[in-house]
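S.K.: Take this structure first; my questions come after.
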Amino acid sequence: MQRSDACRAGTVPSVTSGYLAIDLGPSRLAAGILDPDGAVVVRDRVATPGRNVWPATKQLVSRVMAANPTDVVPASCGVTCPGPIERGTGAMKPVGMPIWHDFPIRRELQQLTELSVEIDTAGRGLALAELWCGEAAERTPSEQHFATLSLGDLVDGGLVVNGRLAQGLTGNLGQFGHLIVEPDGVECECGARGCLEAYAGARGIESSTGRELRRTPPAIVERTGIMTARACASIAAMLDIADIVIGGIVPSVFGERYFDALAAELDQRSRLTHLADLRVRSVGVRRIGPLLTAAAIARAADAAREAQPAEPAPSPDAQ
Ligand SMILES: [Zn+2]
């Protein structure tokens, strides 16, 4: 029965609570609605405009909400965006993107959607998605130790220890894109030289080749694998991690040649005996895409809210 038929018949249509997922990137804005199992039921995307990013985002989100043909109704909203994130105000402060600085994206989206909104980076969202739907989901929390690297336009990551996403001092743990992988290397948008992001982010790769990502020469694909391996060796040694999950558009476009170069370099760079079993693996790209990553942020925030003890009633003595 169609929803309108159900209304005419006076019955209450059944509604399933899902997630509104939004992925804000320097080259693309995407939004979608996902069901409670992480399946995308409606999606849309646009190229990121050079200016007026917020009006374009607002239009996109409104269009997705209006286009939803299903009974899946978003109960919360998750957003991936460039970090670092100012947690108090819910604003972004990404390096090299001053136009996005200090815009209170969380508050604006809360007003637009009337949902609770949680924002985080793609790499930290990837960690939450891996806990939800990836290989790590099949392990017990005490066995869930891994790091993620998200290689999109920008590069960042996350760290899971004992089944929990580690936060760091400001809730921004995981800016692995600025690990130095080539001393005196090319300049990064942050102003330093030799950062992973300059070699393994889509923007850095495209600006170094002058070509779109799919037309990257094989030598640069291999160099990207080598630079990723150097970062992975440092991450593993520093964090006592033997499982690193790689996601994002760059590895999914570069494929086997990239992962072969990565494995060969990792063999040279990671020699600690306690990390002899270090695995650097691709996320299942079909299972964990950008919208699932954003929905995972909403799902984790919902779980955290539910786990919080209820506010105690004020005692009469406190009056
Ligand atoms: Zn940098």
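FYI, nothing fancy with the structure tokens labels: chains A, B, ... in order, residues from 1 per chain, ligands from 1 as they appear.
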Write out as a list in words each polymer residue (protein, DNA or RNA) that has an atom no more than 6 Å from ligand 1, with only C-alpha atoms and all ligand atoms counted.
M.R.: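 Selection of residues at most 6 Å from ligand 1: His178, Cys188, Glu189, Cys190, Ala192 and Cys195 of chain A.
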S.K.: Determine, counting only C-alpha atoms, which protein, DNA and RNA residues have an atom within 8 Å of an atom of A:Glu265; residues of the same chain fewer than 4 positions away are not included. Present the result as a PyMOL selection string.
M.R.: chain A and resi 225-226+229-230+261+269
S.K.: Determine, using only C-alpha atoms, which residues of stretch 87-135 of chain A have any atom at most 10 Å from an atom of stretch 59-69 of chain A, and tabulate each with its shortest atom pair and distance in Å to one decimal place, rows ordered by chain and then rising number, as a Markdown table.
M.R.:
```
| residue | atom | partner | partner_atom | distance |
| --- | --- | --- | --- | --- |
| A:Leu109 | CA | A:Val61 | CA | 9.1 |
| A:Leu112 | CA | A:Ser62 | CA | 8.3 |
| A:Thr113 | CA | A:Ser62 | CA | 8.3 |
```
S.K.: Grab the residues selected above and save them as a PDB file, in the first residue's frame with C-alpha atoms.
M.R.:
```pdb
ATOM      1  CA  LEU A 109      22.102  22.047  10.255  1.00  0.00           C
ATOM      2  CA  LEU A 112      17.488  23.327   9.145  1.00  0.00           C
ATOM      3  CA  THR A 113      16.693  19.685   9.895  1.00  0.00           C
TER       4      THR A 113
END
```
S.K.: Neighbouring residues of A:Tyr258 were defined as those with any atom within 10 Å, considering only C-alpha atoms; residues of the same chain fewer than 5 positions away were excluded. Please report them as JSON, numbers by chain.
M.R.: {"A": [218, 219, 220, 221, 222, 223, 224, 225, 226, 228, 250, 251, 252, 253, 263]}
S.K.: At a cut-off of 8 Å, using only C-alpha atoms, what residues contact A:Leu278? Leave out same-chain residues fewer than 4 positions from it and give the result as a compact mmCIF listing (two decimals) with N, CA and C atoms, in the first residue's frame.
M.R.:
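Okay, this is what ended up in out.txt:
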```
# COMPACT_ATOMS: atom_id res chain seq x y z
N ALA A 236 51.78 2.73 13.31
CA ALA A 236 51.81 1.43 14.00
C ALA A 236 52.80 1.45 15.16
N ILE A 241 49.66 -0.50 17.14
CA ILE A 241 48.50 -0.90 16.34
C ILE A 241 48.98 -1.84 15.24
N ALA A 242 48.29 -2.95 15.05
CA ALA A 242 48.71 -3.90 14.01
C ALA A 242 47.65 -4.07 12.92
N ASP A 243 46.70 -3.13 12.87
CA ASP A 243 45.62 -3.21 11.88
C ASP A 243 45.28 -1.79 11.46
N ILE A 244 45.51 -1.47 10.19
CA ILE A 244 45.21 -0.12 9.69
C ILE A 244 44.28 -0.26 8.49
```
S.K.: Out of A:Val181, A:Ala122, A:Leu266, A:Val15, which residue has the shortest atom-to-atom distance to A:Pro84 when counting only C-alpha atoms?
M.R.: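 Between A:Val181, A:Ala122, A:Leu266, A:Val15, the residue approaching A:Pro84 most closely is A:Ala122.
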S.K.: Please, which residues of stretch 108-280 of chain A, numbered as in this document, come out strand (DSSP E) from DSSP, as a PyMOL selection string?
M.R.: chain A and resi 116-120+146-151+155-161+164-165+243-247+279-280
S.K.: Could you tell me how far atom CA of A:Asn172 sits from atom CA of A:Arg193, in Å to one decimal place?
M.R.: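 Atom-to-atom, atom CA of A:Arg193 and atom CA of A:Asn172 are spaced 21.3 Å apart.
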S.K.: Extract, using only C-alpha atoms, all DNA, RNA and protein residues at most 8 Å from stretch 47-52 of chain A, discarding same-chain residues fewer than 3 positions from it, and format them as a list of chain:residue names.
M.R.: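 The residues that qualify are A:Gly25, A:Pro26, A:Ser27, A:Arg28, A:Leu29, A:Pro55, A:Ala56, A:Ile99.
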S.K.: Quick one: distance from atom CA of A:Ala39 to atom CA of A:Ile249 in Å, one decimal?
M.R.: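 Here the two named atoms are 19.4 Å from each other.
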S.K.: Can you tell me, as a PyMOL selection string, what residues are no more than 6 Å from A:Leu34 when counting only C-alpha atoms, ignoring any on the same chain fewer than 2 positions away?
M.R.: chain A and resi 18-19+38-41
S.K.: For the selection just defined, write its residues with C-alpha atoms to a file, as a PDB file, in the first residue's frame.
M.R.:
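So again.pdb came out as:
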```
ATOM      1  CA  GLY A  18      17.148   6.064  10.056  1.00  0.00           C
ATOM      2  CA  TYR A  19      19.922   8.588   9.578  1.00  0.00           C
ATOM      3  CA  GLY A  38      23.228   1.409   6.858  1.00  0.00           C
ATOM      4  CA  ALA A  39      21.574   0.903   3.460  1.00  0.00           C
ATOM      5  CA  VAL A  40      21.232   4.132   1.460  1.00  0.00           C
ATOM      6  CA  VAL A  41      17.577   4.720   0.509  1.00  0.00           C
TER       7      VAL A  41
END
```
S.K.: To one decimal place, how far is atom CA of A:Gly88 from atom CA of A:Phe176 in Å?
M.R.: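 Calculated distance between atom CA of A:Gly88 and atom CA of A:Phe176 is 22.3 Å.
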S.K.: Excluding same-chain residues fewer than 4 positions from stretch 201-203 of chain A, what lies within 8 Å of it counting only C-alpha atoms, as a PyMOL selection string?
M.R.: chain A and resi 151-155+196-197+207+213+249-250
S.K.: Determine the nearest neighbour of A:Ile85 from the options A:Leu115, A:Thr16, A:Ala137, A:Gly171, counting only C-alpha atoms.
M.R.: A:Gly171
S.K.: With distances taken over only C-alpha atoms, which residue among A:Asp260, A:Gly185, A:Ala147, A:Arg164 lies nearest A:Ala233?
M.R.: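 Of A:Asp260, A:Gly185, A:Ala147, A:Arg164, the one nearest A:Ala233, counting only C-alpha atoms, is A:Ala147.
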S.K.: Measuring between only C-alpha atoms, which one of A:Lys58, A:Arg281, A:Arg139, A:His101 shows the shortest distance to A:Leu262?
M.R.: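 Residue with the minimum atom-to-atom distance to A:Leu262: A:Arg281.
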